[in-house]
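One file, model-v9.cif, carrying mmCIF, C-alpha atoms:
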data_start
loop_
_atom_site.group_PDB
_atom_site.id
_atom_site.type_symbol
_atom_site.label_atom_id
_atom_site.label_comp_id
_atom_site.auth_asym_id
_atom_site.auth_seq_id
_atom_site.Cartn_x
_atom_site.Cartn_y
_atom_site.Cartn_z
ATOM 1 C CA MET A 30 6.092 7.894 30.749
ATOM 2 C CA SER A 31 7.878 8.542 33.969
ATOM 3 C CA ALA A 32 6.410 6.974 37.079
ATOM 4 C CA TYR A 33 7.081 10.154 38.977
ATOM 5 C CA VAL A 34 4.114 12.230 37.969
ATOM 6 C CA LEU A 35 1.795 12.237 40.919
ATOM 7 C CA ASN A 36 2.895 15.018 43.200
ATOM 8 C CA ARG A 37 4.424 18.004 41.582
ATOM 9 C CA ASN A 38 6.180 18.971 44.798
ATOM 10 C CA HIS A 39 7.583 15.552 45.522
ATOM 11 C CA TRP A 40 8.428 14.191 42.124
ATOM 12 C CA GLU A 41 9.253 15.678 38.771
ATOM 13 C CA MET A 42 6.618 16.114 36.134
ATOM 14 C CA PRO A 43 7.446 14.220 32.947
ATOM 15 C CA ASN A 44 8.900 16.206 30.075
ATOM 16 C CA SER A 45 6.993 14.307 27.439
ATOM 17 C CA PRO A 46 3.221 14.648 27.075
ATOM 18 C CA ALA A 47 1.375 12.161 29.223
ATOM 19 C CA ALA A 48 0.081 9.215 27.213
ATOM 20 C CA GLY A 49 -2.638 6.698 27.979
ATOM 21 C CA GLY A 50 -5.839 6.842 29.943
ATOM 22 C CA VAL A 51 -4.304 6.411 33.356
ATOM 23 C CA ALA A 52 -1.810 9.184 32.792
ATOM 24 C CA MET A 53 -4.505 11.519 31.535
ATOM 25 C CA ASN A 54 -6.565 10.802 34.611
ATOM 26 C CA ILE A 55 -3.626 11.621 36.841
ATOM 27 C CA VAL A 56 -2.984 14.868 35.046
ATOM 28 C CA LYS A 57 -6.659 15.769 35.438
ATOM 29 C CA LEU A 58 -6.515 14.822 39.106
ATOM 30 C CA LEU A 59 -3.442 16.966 39.663
ATOM 31 C CA ALA A 60 -5.081 19.875 37.924
ATOM 32 C CA LYS A 61 -7.977 19.650 40.357
ATOM 33 C CA LEU A 62 -5.783 19.589 43.455
ATOM 34 C CA PRO A 63 -5.501 22.884 45.279
ATOM 35 C CA GLU A 64 -1.943 23.986 45.954
ATOM 36 C CA ALA A 65 -2.322 23.435 49.722
ATOM 37 C CA SER A 66 -3.059 19.763 49.313
ATOM 38 C CA VAL A 67 -0.185 19.268 46.923
ATOM 39 C CA SER A 68 2.369 20.440 49.453
ATOM 40 C CA SER A 69 3.653 17.596 51.587
ATOM 41 C CA SER A 70 5.399 17.258 54.899
ATOM 42 C CA ALA A 71 8.677 15.413 55.342
ATOM 43 C CA GLY A 72 6.658 12.599 56.906
ATOM 44 C CA GLN A 73 4.427 12.320 53.882
ATOM 45 C CA SER A 74 7.469 12.351 51.636
ATOM 46 C CA ARG A 75 8.805 9.367 53.534
ATOM 47 C CA SER A 76 5.451 7.617 53.067
ATOM 48 C CA TYR A 77 5.538 8.299 49.324
ATOM 49 C CA ASP A 78 9.059 6.884 49.135
ATOM 50 C CA GLN A 79 8.012 3.838 51.145
ATOM 51 C CA LEU A 80 5.045 3.295 48.873
ATOM 52 C CA GLN A 81 7.186 3.524 45.770
ATOM 53 C CA SER A 82 9.678 1.040 47.224
ATOM 54 C CA LEU A 83 6.864 -1.375 48.024
ATOM 55 C CA ALA A 84 5.458 -1.059 44.513
ATOM 56 C CA ASN A 85 8.844 -1.676 42.937
ATOM 57 C CA ALA A 86 9.557 -4.604 45.250
ATOM 58 C CA ASN A 87 6.358 -6.210 44.008
ATOM 59 C CA GLY A 88 7.037 -5.621 40.328
ATOM 60 C CA MET A 89 4.724 -2.633 40.020
ATOM 61 C CA THR A 90 4.922 1.125 39.845
ATOM 62 C CA ILE A 91 3.191 3.817 41.813
ATOM 63 C CA LEU A 92 0.758 4.126 38.901
ATOM 64 C CA ASP A 93 -0.525 0.595 39.380
ATOM 65 C CA MET A 94 -3.495 -0.152 41.568
ATOM 66 C CA PRO A 95 -3.734 -0.195 44.492
ATOM 67 C CA PHE A 96 -0.561 1.881 44.858
ATOM 68 C CA MET A 97 -2.025 4.875 43.078
ATOM 69 C CA LEU A 98 -5.009 4.809 45.424
ATOM 70 C CA ALA A 99 -2.646 4.413 48.365
ATOM 71 C CA TYR A 100 -0.764 7.463 47.125
ATOM 72 C CA ASN A 101 -4.017 9.412 47.019
ATOM 73 C CA PHE A 102 -4.841 8.154 50.503
ATOM 74 C CA ILE A 103 -1.573 9.495 51.933
ATOM 75 C CA ASN A 104 -2.122 12.725 50.079
ATOM 76 C CA ALA A 105 -5.612 13.042 51.551
ATOM 77 C CA LEU A 106 -4.445 12.579 55.150
ATOM 78 C CA PRO A 107 -3.885 15.669 57.280
ATOM 79 C CA VAL A 108 -0.246 16.727 56.935
ATOM 80 C CA ASN A 109 0.350 16.795 60.702
ATOM 81 C CA LEU A 110 -0.729 13.172 61.209
ATOM 82 C CA ARG A 111 1.892 10.700 62.376
ATOM 83 C CA ASN A 112 3.188 8.403 59.642
ATOM 84 C CA PRO A 113 1.586 4.978 59.415
ATOM 85 C CA GLU A 114 3.534 1.817 58.763
ATOM 86 C CA ILE A 115 2.777 0.876 55.163
ATOM 87 C CA ASP A 116 2.805 -2.658 53.823
ATOM 88 C CA TYR A 117 1.662 -4.662 50.818
ATOM 89 C CA GLU A 118 -0.183 -7.849 51.683
ATOM 90 C CA ASP A 119 -0.522 -11.171 49.879
ATOM 91 C CA ASP A 120 -4.122 -10.388 48.958
ATOM 92 C CA GLY A 121 -2.964 -7.453 46.822
ATOM 93 C CA GLU A 122 -3.988 -4.716 49.245
ATOM 94 C CA VAL A 123 -1.912 -1.889 50.695
ATOM 95 C CA THR A 124 -2.217 -1.558 54.456
ATOM 96 C CA PHE A 125 -1.601 1.377 56.791
ATOM 97 C CA ASP A 126 -1.024 0.676 60.491
ATOM 98 C CA TRP A 127 -1.054 3.197 63.322
ATOM 99 C CA VAL A 128 -0.204 2.023 66.843
ATOM 100 C CA GLY A 129 -0.778 4.252 69.819
ATOM 101 C CA PRO A 130 -0.186 4.013 73.556
ATOM 102 C CA ARG A 131 -1.723 1.114 75.502
ATOM 103 C CA ARG A 132 -1.811 -1.052 72.369
ATOM 104 C CA LYS A 133 -4.374 1.063 70.586
ATOM 105 C CA MET A 134 -4.357 0.164 66.896
ATOM 106 C CA MET A 135 -5.886 1.435 63.698
ATOM 107 C CA ILE A 136 -5.470 -0.445 60.447
ATOM 108 C CA VAL A 137 -6.611 0.597 56.989
ATOM 109 C CA SER A 138 -6.454 -1.743 54.007
ATOM 110 C CA LEU A 139 -6.994 -0.469 50.475
ATOM 111 C CA SER A 140 -7.912 -2.751 47.592
ATOM 112 C CA LYS A 141 -7.380 -1.979 43.935
ATOM 113 C CA THR A 142 -11.098 -1.321 43.546
ATOM 114 C CA GLY A 143 -11.060 1.401 46.179
ATOM 115 C CA LYS A 144 -12.627 -0.725 48.895
ATOM 116 C CA LEU A 145 -11.266 0.564 52.168
ATOM 117 C CA SER A 146 -11.427 -1.898 55.070
ATOM 118 C CA PHE A 147 -10.603 -0.555 58.506
ATOM 119 C CA ALA A 148 -10.311 -1.870 62.051
ATOM 120 C CA CYS A 149 -9.845 0.270 65.113
ATOM 121 C CA ARG A 150 -9.021 -1.161 68.523
ATOM 122 C CA ILE A 151 -8.988 1.271 71.417
ATOM 123 C CA SER A 152 -9.560 -1.292 74.192
ATOM 124 C CA ASP A 153 -11.218 -4.656 74.832
ATOM 125 C CA ILE A 154 -14.614 -2.967 74.853
ATOM 126 C CA ASP A 155 -14.053 -0.105 72.450
ATOM 127 C CA LYS A 156 -13.613 -1.362 68.896
ATOM 128 C CA GLN A 157 -14.874 -0.448 65.465
ATOM 129 C CA HIS A 158 -14.516 -1.919 62.014
ATOM 130 C CA GLY A 159 -16.100 -1.514 58.615
ATOM 131 C CA THR A 160 -15.699 -0.817 54.939
ATOM 132 C CA LYS A 161 -15.935 2.377 52.899
ATOM 133 C CA LEU A 162 -15.305 3.401 49.318
ATOM 134 C CA PHE A 163 -12.158 5.481 48.952
ATOM 135 C CA ILE A 164 -11.721 7.752 45.960
ATOM 136 C CA ASP A 165 -9.904 10.889 46.968
ATOM 137 C CA SER A 166 -11.023 11.870 50.456
ATOM 138 C CA VAL A 167 -10.564 9.955 53.694
ATOM 139 C CA PRO A 168 -13.928 9.006 55.242
ATOM 140 C CA GLN A 169 -14.570 10.922 58.453
ATOM 141 C CA VAL A 170 -15.026 7.740 60.497
ATOM 142 C CA VAL A 171 -11.522 6.650 59.480
ATOM 143 C CA LEU A 172 -10.009 10.009 60.388
ATOM 144 C CA ASP A 173 -11.777 9.916 63.757
ATOM 145 C CA CYS A 174 -10.391 6.452 64.468
ATOM 146 C CA ILE A 175 -6.839 7.474 63.554
ATOM 147 C CA GLN A 176 -7.093 10.496 65.847
ATOM 148 C CA LYS A 177 -8.342 8.308 68.713
ATOM 149 C CA VAL A 178 -5.427 5.901 68.333
ATOM 150 C CA ILE A 179 -2.437 8.228 67.996
ATOM 151 C CA MET B 16 -1.223 -24.510 49.645
ATOM 152 C CA THR B 17 0.244 -21.902 51.939
ATOM 153 C CA ALA B 18 3.903 -21.078 51.669
ATOM 154 C CA PHE B 19 4.240 -22.233 55.227
ATOM 155 C CA LYS B 20 2.825 -25.670 54.541
ATOM 156 C CA LYS B 21 4.735 -26.054 51.309
ATOM 157 C CA SER B 22 7.948 -25.604 53.161
ATOM 158 C CA PHE B 23 7.632 -28.410 55.670
ATOM 159 C CA GLU B 24 10.830 -30.077 54.657
ATOM 160 C CA THR B 25 12.480 -30.623 58.009
ATOM 161 C CA LYS B 26 15.118 -33.257 57.996
ATOM 162 C CA SER B 27 15.171 -33.774 61.727
ATOM 163 C CA SER B 28 14.912 -37.177 63.262
ATOM 164 C CA ILE B 29 14.071 -35.544 66.600
ATOM 165 C CA VAL B 30 10.581 -36.526 67.678
ATOM 166 C CA VAL B 31 10.041 -35.595 71.278
ATOM 167 C CA ASN B 32 6.421 -36.337 72.032
ATOM 168 C CA GLU B 33 5.731 -39.985 71.374
ATOM 169 C CA THR B 34 2.819 -40.185 73.771
ATOM 170 C CA THR B 35 -0.773 -40.277 72.614
ATOM 171 C CA GLN B 36 -1.362 -36.834 74.087
ATOM 172 C CA PRO B 37 -2.268 -34.157 71.578
ATOM 173 C CA PHE B 38 0.012 -31.180 71.135
ATOM 174 C CA VAL B 39 -2.873 -28.712 70.945
ATOM 175 C CA ILE B 40 -5.144 -28.936 73.967
ATOM 176 C CA ALA B 41 -7.798 -26.805 75.646
ATOM 177 C CA ASN B 42 -6.144 -24.066 77.685
ATOM 178 C CA GLY B 43 -2.822 -25.392 76.456
ATOM 179 C CA PRO B 44 0.242 -23.480 75.347
ATOM 180 C CA ILE B 45 0.853 -22.764 71.689
ATOM 181 C CA ALA B 46 3.402 -20.651 69.835
ATOM 182 C CA ARG B 47 3.318 -18.558 66.711
ATOM 183 C CA PHE B 48 6.676 -18.490 64.954
ATOM 184 C CA VAL B 49 7.862 -15.117 63.673
ATOM 185 C CA PHE B 50 10.114 -15.317 60.625
ATOM 186 C CA ASP B 51 10.258 -11.625 59.823
ATOM 187 C CA LYS B 52 11.693 -9.326 62.461
ATOM 188 C CA THR B 53 9.549 -6.454 61.195
ATOM 189 C CA GLU B 54 6.606 -8.249 62.828
ATOM 190 C CA ILE B 55 8.006 -7.271 66.234
ATOM 191 C CA ASP B 56 7.984 -3.571 67.098
ATOM 192 C CA LYS B 57 10.830 -1.525 68.546
ATOM 193 C CA ASP B 58 9.496 -2.142 72.068
ATOM 194 C CA GLY B 59 9.600 -5.902 71.605
ATOM 195 C CA LEU B 60 5.847 -6.286 71.207
ATOM 196 C CA PRO B 61 4.236 -8.310 68.418
ATOM 197 C CA LYS B 62 2.565 -6.288 65.689
ATOM 198 C CA ARG B 63 -0.847 -7.320 64.403
ATOM 199 C CA LYS B 64 0.756 -8.540 61.180
ATOM 200 C CA ALA B 65 2.460 -11.304 63.173
ATOM 201 C CA PHE B 66 -1.025 -12.836 63.275
ATOM 202 C CA LYS B 67 -1.960 -12.401 59.642
ATOM 203 C CA PRO B 68 -3.826 -15.523 58.505
ATOM 204 C CA GLU B 69 -3.206 -17.099 55.106
ATOM 205 C CA LEU B 70 -5.872 -18.201 52.661
ATOM 206 C CA TYR B 71 -5.737 -21.964 52.243
ATOM 207 C CA GLU B 72 -8.392 -23.942 50.384
ATOM 208 C CA GLU B 73 -10.870 -21.087 50.634
ATOM 209 C CA ARG B 74 -10.501 -20.564 54.356
ATOM 210 C CA HIS B 75 -8.192 -18.369 56.336
ATOM 211 C CA GLU B 76 -5.887 -20.020 58.810
ATOM 212 C CA LEU B 77 -2.997 -19.066 61.033
ATOM 213 C CA SER B 78 -0.277 -21.642 61.582
ATOM 214 C CA ILE B 79 0.833 -22.318 65.133
ATOM 215 C CA CYS B 80 2.909 -24.884 66.984
ATOM 216 C CA GLY B 81 1.159 -26.868 69.705
ATOM 217 C CA LEU B 82 3.308 -27.013 72.808
ATOM 218 C CA ASN B 83 1.622 -29.543 75.080
ATOM 219 C CA ASN B 84 4.508 -31.686 76.388
ATOM 220 C CA VAL B 85 6.882 -30.118 73.892
ATOM 221 C CA ALA B 86 10.316 -29.116 75.159
ATOM 222 C CA ALA B 87 11.720 -25.688 74.333
ATOM 223 C CA GLU B 88 14.600 -27.364 72.532
ATOM 224 C CA ARG B 89 12.160 -29.120 70.201
ATOM 225 C CA MET B 90 10.188 -25.924 69.620
ATOM 226 C CA TRP B 91 13.306 -24.030 68.575
ATOM 227 C CA HIS B 92 14.391 -26.931 66.406
ATOM 228 C CA LEU B 93 11.063 -26.639 64.575
ATOM 229 C CA GLY B 94 11.407 -22.877 64.366
ATOM 230 C CA LYS B 95 14.743 -23.340 62.732
ATOM 231 C CA THR B 96 13.735 -26.048 60.282
ATOM 232 C CA VAL B 97 10.084 -25.756 59.213
ATOM 233 C CA ARG B 98 10.842 -23.079 56.624
ATOM 234 C CA GLU B 99 14.375 -24.162 55.920
ATOM 235 C CA ALA B 100 13.519 -24.733 52.252
ATOM 236 C CA GLU B 101 12.783 -21.010 51.935
ATOM 237 C CA GLY B 102 15.993 -20.133 53.709
ATOM 238 C CA LYS B 103 14.042 -18.895 56.714
ATOM 239 C CA SER B 104 14.585 -19.531 60.391
ATOM 240 C CA ALA B 105 12.351 -18.320 63.221
ATOM 241 C CA TYR B 106 13.415 -14.901 64.480
ATOM 242 C CA ALA B 107 11.179 -15.282 67.526
ATOM 243 C CA SER B 108 8.163 -17.132 68.830
ATOM 244 C CA ILE B 109 5.083 -15.635 70.437
ATOM 245 C CA SER B 110 3.633 -17.603 73.348
ATOM 246 C CA LEU B 111 -0.146 -17.880 73.464
ATOM 247 C CA THR B 112 -2.737 -20.237 74.840
ATOM 248 C CA THR B 113 -5.705 -21.792 73.108
ATOM 249 C CA THR B 114 -7.872 -20.068 75.722
ATOM 250 C CA LEU B 115 -6.611 -16.669 74.659
ATOM 251 C CA VAL B 116 -7.388 -17.551 71.053
ATOM 252 C CA SER B 117 -10.921 -18.530 72.088
ATOM 253 C CA GLN B 118 -11.360 -15.256 73.964
ATOM 254 C CA VAL B 119 -11.035 -13.275 70.750
ATOM 255 C CA GLY B 120 -13.580 -15.516 68.990
ATOM 256 C CA LEU B 121 -11.269 -17.928 67.174
ATOM 257 C CA TYR B 122 -10.389 -21.555 67.795
ATOM 258 C CA THR B 123 -7.372 -23.811 67.416
ATOM 259 C CA ILE B 124 -7.130 -27.323 66.011
ATOM 260 C CA GLU B 125 -4.310 -29.757 65.383
ATOM 261 C CA ALA B 126 -3.125 -29.963 61.778
ATOM 262 C CA PRO B 127 -0.193 -32.364 61.552
ATOM 263 C CA VAL B 128 0.332 -31.903 57.832
ATOM 264 C CA HIS B 129 3.859 -33.242 57.781
ATOM 265 C CA PRO B 130 5.431 -36.142 59.675
ATOM 266 C CA HIS B 131 8.285 -33.907 60.761
ATOM 267 C CA PHE B 132 5.947 -31.329 62.254
ATOM 268 C CA LEU B 133 3.274 -33.224 64.164
ATOM 269 C CA GLU B 134 2.945 -30.269 66.540
ATOM 270 C CA HIS B 135 1.498 -28.102 63.771
ATOM 271 C CA GLY B 136 -1.920 -26.598 64.370
ATOM 272 C CA VAL B 137 -4.048 -23.848 62.895
ATOM 273 C CA VAL B 138 -6.160 -21.066 64.291
ATOM 274 C CA LEU B 139 -9.526 -20.985 62.536
ATOM 275 C CA GLY B 140 -12.759 -19.024 62.663
ATOM 276 C CA TRP B 141 -11.542 -16.059 60.622
ATOM 277 C CA SER B 142 -14.127 -14.007 58.793
ATOM 278 C CA ASP B 143 -14.164 -13.635 55.020
ATOM 279 C CA ASP B 144 -14.370 -9.882 55.597
ATOM 280 C CA LYS B 145 -10.996 -8.203 55.768
ATOM 281 C CA ASP B 146 -12.036 -5.535 58.279
ATOM 282 C CA VAL B 147 -13.068 -8.272 60.726
ATOM 283 C CA ARG B 148 -9.834 -10.186 60.182
ATOM 284 C CA LEU B 149 -7.808 -7.042 60.801
ATOM 285 C CA LEU B 150 -9.612 -6.493 64.083
ATOM 286 C CA LEU B 151 -9.035 -10.112 65.157
ATOM 287 C CA GLN B 152 -5.319 -9.734 64.395
ATOM 288 C CA ALA B 153 -5.248 -6.561 66.475
ATOM 289 C CA ASP B 154 -7.075 -8.378 69.290
ATOM 290 C CA LEU B 155 -4.507 -11.175 69.321
ATOM 291 C CA ALA B 156 -1.576 -8.746 69.231
ATOM 292 C CA ALA B 157 -3.075 -6.672 72.024
ATOM 293 C CA GLN B 158 -3.233 -9.724 74.299
ATOM 294 C CA CYS B 159 0.522 -10.253 74.082
ATOM 295 C CA SER B 160 3.178 -8.650 76.194
ATOM 296 C CA ARG B 161 6.892 -8.322 75.651
ATOM 297 C CA SER B 162 7.504 -11.374 77.841
ATOM 298 C CA ASP B 163 5.414 -13.477 75.471
ATOM 299 C CA VAL B 164 7.949 -12.872 72.727
ATOM 300 C CA ARG B 165 10.800 -15.329 73.008
ATOM 301 C CA TYR B 166 13.981 -15.529 71.037
ATOM 302 C CA PRO B 167 15.951 -18.614 70.041
ATOM 303 C CA PRO B 168 18.889 -19.516 72.235
ATOM 304 C CA ALA B 169 22.220 -18.240 71.040
ATOM 305 C CA VAL B 170 24.188 -20.790 69.067
ATOM 306 C CA GLY B 171 27.620 -21.792 70.266
#

Please re-express this file's structure in C-alpha cells.
Amino acid sequence: MSAYVLNRNHWEMPNSPAAGGVAMNIVKLLAKLPEASVSSSAGQSRSYDQLQSLANANGMTILDMPFMLAYNFINALPVNLRNPEIDYEDDGEVTFDWVGPRRKMMIVSLSKTGKLSFACRISDIDKQHGTKLFIDSVPQVVLDCIQKVI
Amino acid sequence: MTAFKKSFETKSSIVVNETTQPFVIANGPIARFVFDKTEIDKDGLPKRKAFKPELYEERHELSICGLNNVAAERMWHLGKTVREAEGKSAYASISLTTTLVSQVGLYTIEAPVHPHFLEHGVVLGWSDDKDVRLLLQADLAAQCSRSDVRYPPAVG
C-alpha cells in the first residue's frame, strides 16, 4: 500500500484497495473528514513534507505511530496558524515547537499512544504545562497556548 | 550509556587544570556544547532543544563542561574532541552559570566520567514527566542571550 494515503488533497490515494487494519482505519477517518478540514495551506503542506522526511529518516513511514498521530495533529490545527518546527526525539515522540517574540515558547510532544505533553512559557511568571489525550482534535488549552505564544 | 558519554575518546594530552579546585562550583561558569547547528535559531539564540536531557541509568541528565579555571583554549579543545568518535565537533557553546541552573529548579554536579574530560558535569533534577522537562528546557533557553552563544575560533 502506498504511504501517501492520508490527505486526499496533499497526496495521491492508492490505486489498489487498502489492506490491513491500519489502512482501513485511515480510510474510515478520511471518510469522516469534512472537505474543509481536508484542504491544507501551503504551510501545512510543508509540515506534512517535513513529517514524512522525519519518518523516513528514522526508518518509518507516515503510517507508523506516532507520525500518523502527528499528521492528524497538523491536520487539526487551524490553517492560518504559523508552522511549528517539527522534530523526532530519542524517546520516540514527535515534537512541535513554536517560538514567539520575547522568547515565548510553546512545545507539544506526541507519543505513539496519543499522550500529548505540552509546555508553554510566556514569561518567568506565566507558564503552563500538562498532558492531554490527543485523538483527532487539538485540546482547547493547547490551542490557547499556541495563540498566546505566536 | 548516553551517546555523549560513550564517545569520550579524546586523545589529547592537554590537561589544563591540575589544581585541586573543582571545575563545577557554586555560581561558577559552565558551558553546554552544541553539536547540531539546528539547535541555534536564525537570530543566534539557543533553542530549547539545545538543553534536551538524555536518559541515563533511569535518570535524565544534561551534559555540561565545568569552566572553573578552565581556559577558553581548553574548552574549545574539548568541544572539538569529546565526540570525535562520532565525527562530531562542537558548533558552538552556550555559556551558563550553576546559579542560573539552580534558578530554574535544577542543579549541577561534577561527573568526570573519562580521564580526558575531567571538566564534565551534569545538570540533574529533571522530572520524569515530559511536560515538566519541556518547560525546564524552555526556561533554560529563555535565560540565554545571543552573547551567551560562542563559536569556536577560526582555524588557521

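Here CA of Lys57 in chain B and CA of Leu151 in chain B stand 21.9 Å from one another.
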
Specify as a PyMOL selection string each residue included when the PyMOL selection byres ((chain A and resi 76) around 8) is applied to this file. chain A and resi 72-75+77-80+103+112-113+115

Please determine the residues with any atom at most 7 Å from (-9.8, 1.0, 53.9) (coordinates as given in the file, with only C-alpha atoms counting) and report them as a list in words.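 Neighbouring residues, ordered by chain and number, come to Val137, Ser138, Leu139, Lys144, Leu145, Ser146, Phe147, Thr160 and Lys161 of chain A.
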
Work out how far CA of Lys145 in chain B is from CA of Asp116 in chain A, in Å to one decimal.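 Going from CA of Asp116 in chain A over to CA of Lys145 in chain B, I get 15.0 Å.
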
Extract, using only C-alpha atoms, all DNA, RNA and protein residues at most 8 Å from range 68-84 of chain B, discarding same-chain residues fewer than 2 positions from it, and format them as a PyMOL selection string. chain B and resi 16-17+19+32+36-40+43-48+66+86+90+125+134-143

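Separating CA of Pro168 in chain B from CA of Ala41 in chain B is a distance of 27.9 Å.
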
Which chain B residues are at most 7 Å from chain A (counting all atoms listed in the file), as an NGL selection string? :B and (145-147 or 149-150 or 153 or 157)

Quick one: 5 Å padding each side, axis-aligned, all listed atoms of range 124-134 of chain B - centre and edge lengths in Å to one decimal, as JSON?
{"center_x": 0.6, "center_y": -31.7, "center_z": 62.2, "size_x": 25.4, "size_y": 18.8, "size_z": 18.8}

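Across A:Tyr117, A:Val170, A:Ile179, A:Pro130, the tightest approach to Ala86 in chain A is made by A:Tyr117 when counting only C-alpha atoms.
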
Please fill the gaps in range 53-65 of chain B so it has N, CA and C atoms, and write that as an mmCIF file, in the coordinates of the input.
data_model
loop_
_atom_site.group_PDB
_atom_site.id
_atom_site.type_symbol
_atom_site.label_atom_id
_atom_site.label_comp_id
_atom_site.auth_asym_id
_atom_site.auth_seq_id
_atom_site.Cartn_x
_atom_site.Cartn_y
_atom_site.Cartn_z
ATOM 1 N N THR B 53 10.384 -7.661 61.241
ATOM 2 C CA THR B 53 9.549 -6.454 61.195
ATOM 3 C C THR B 53 8.160 -6.706 61.802
ATOM 4 N N GLU B 54 7.892 -7.954 62.179
ATOM 5 C CA GLU B 54 6.606 -8.249 62.828
ATOM 6 C C GLU B 54 6.666 -8.020 64.334
ATOM 7 N N ILE B 55 7.846 -7.638 64.823
ATOM 8 C CA ILE B 55 8.006 -7.271 66.234
ATOM 9 C C ILE B 55 8.379 -5.793 66.267
ATOM 10 N N ASP B 56 7.707 -5.011 67.122
ATOM 11 C CA ASP B 56 7.984 -3.571 67.098
ATOM 12 C C ASP B 56 9.229 -3.223 67.914
ATOM 13 N N LYS B 57 9.580 -1.954 67.912
ATOM 14 C CA LYS B 57 10.830 -1.525 68.546
ATOM 15 C C LYS B 57 10.794 -1.734 70.064
ATOM 16 N N ASP B 58 9.612 -1.883 70.632
ATOM 17 C CA ASP B 58 9.496 -2.142 72.068
ATOM 18 C C ASP B 58 9.437 -3.633 72.392
ATOM 19 N N GLY B 59 9.608 -4.456 71.378
ATOM 20 C CA GLY B 59 9.600 -5.902 71.605
ATOM 21 C C GLY B 59 8.215 -6.510 71.667
ATOM 22 N N LEU B 60 7.228 -5.783 71.193
ATOM 23 C CA LEU B 60 5.847 -6.286 71.207
ATOM 24 C C LEU B 60 5.468 -6.773 69.806
ATOM 25 N N PRO B 61 4.652 -7.838 69.744
ATOM 26 C CA PRO B 61 4.236 -8.310 68.418
ATOM 27 C C PRO B 61 3.282 -7.330 67.745
ATOM 28 N N LYS B 62 3.507 -7.112 66.449
ATOM 29 C CA LYS B 62 2.565 -6.288 65.689
ATOM 30 C C LYS B 62 1.397 -7.165 65.251
ATOM 31 N N ARG B 63 0.335 -6.537 64.817
ATOM 32 C CA ARG B 63 -0.847 -7.320 64.403
ATOM 33 C C ARG B 63 -0.493 -8.192 63.204
ATOM 34 N N LYS B 64 0.461 -7.751 62.373
ATOM 35 C CA LYS B 64 0.756 -8.540 61.180
ATOM 36 C C LYS B 64 1.464 -9.856 61.509
ATOM 37 N N ALA B 65 1.911 -10.011 62.757
ATOM 38 C CA ALA B 65 2.460 -11.304 63.173
ATOM 39 C C ALA B 65 1.354 -12.365 63.223
#
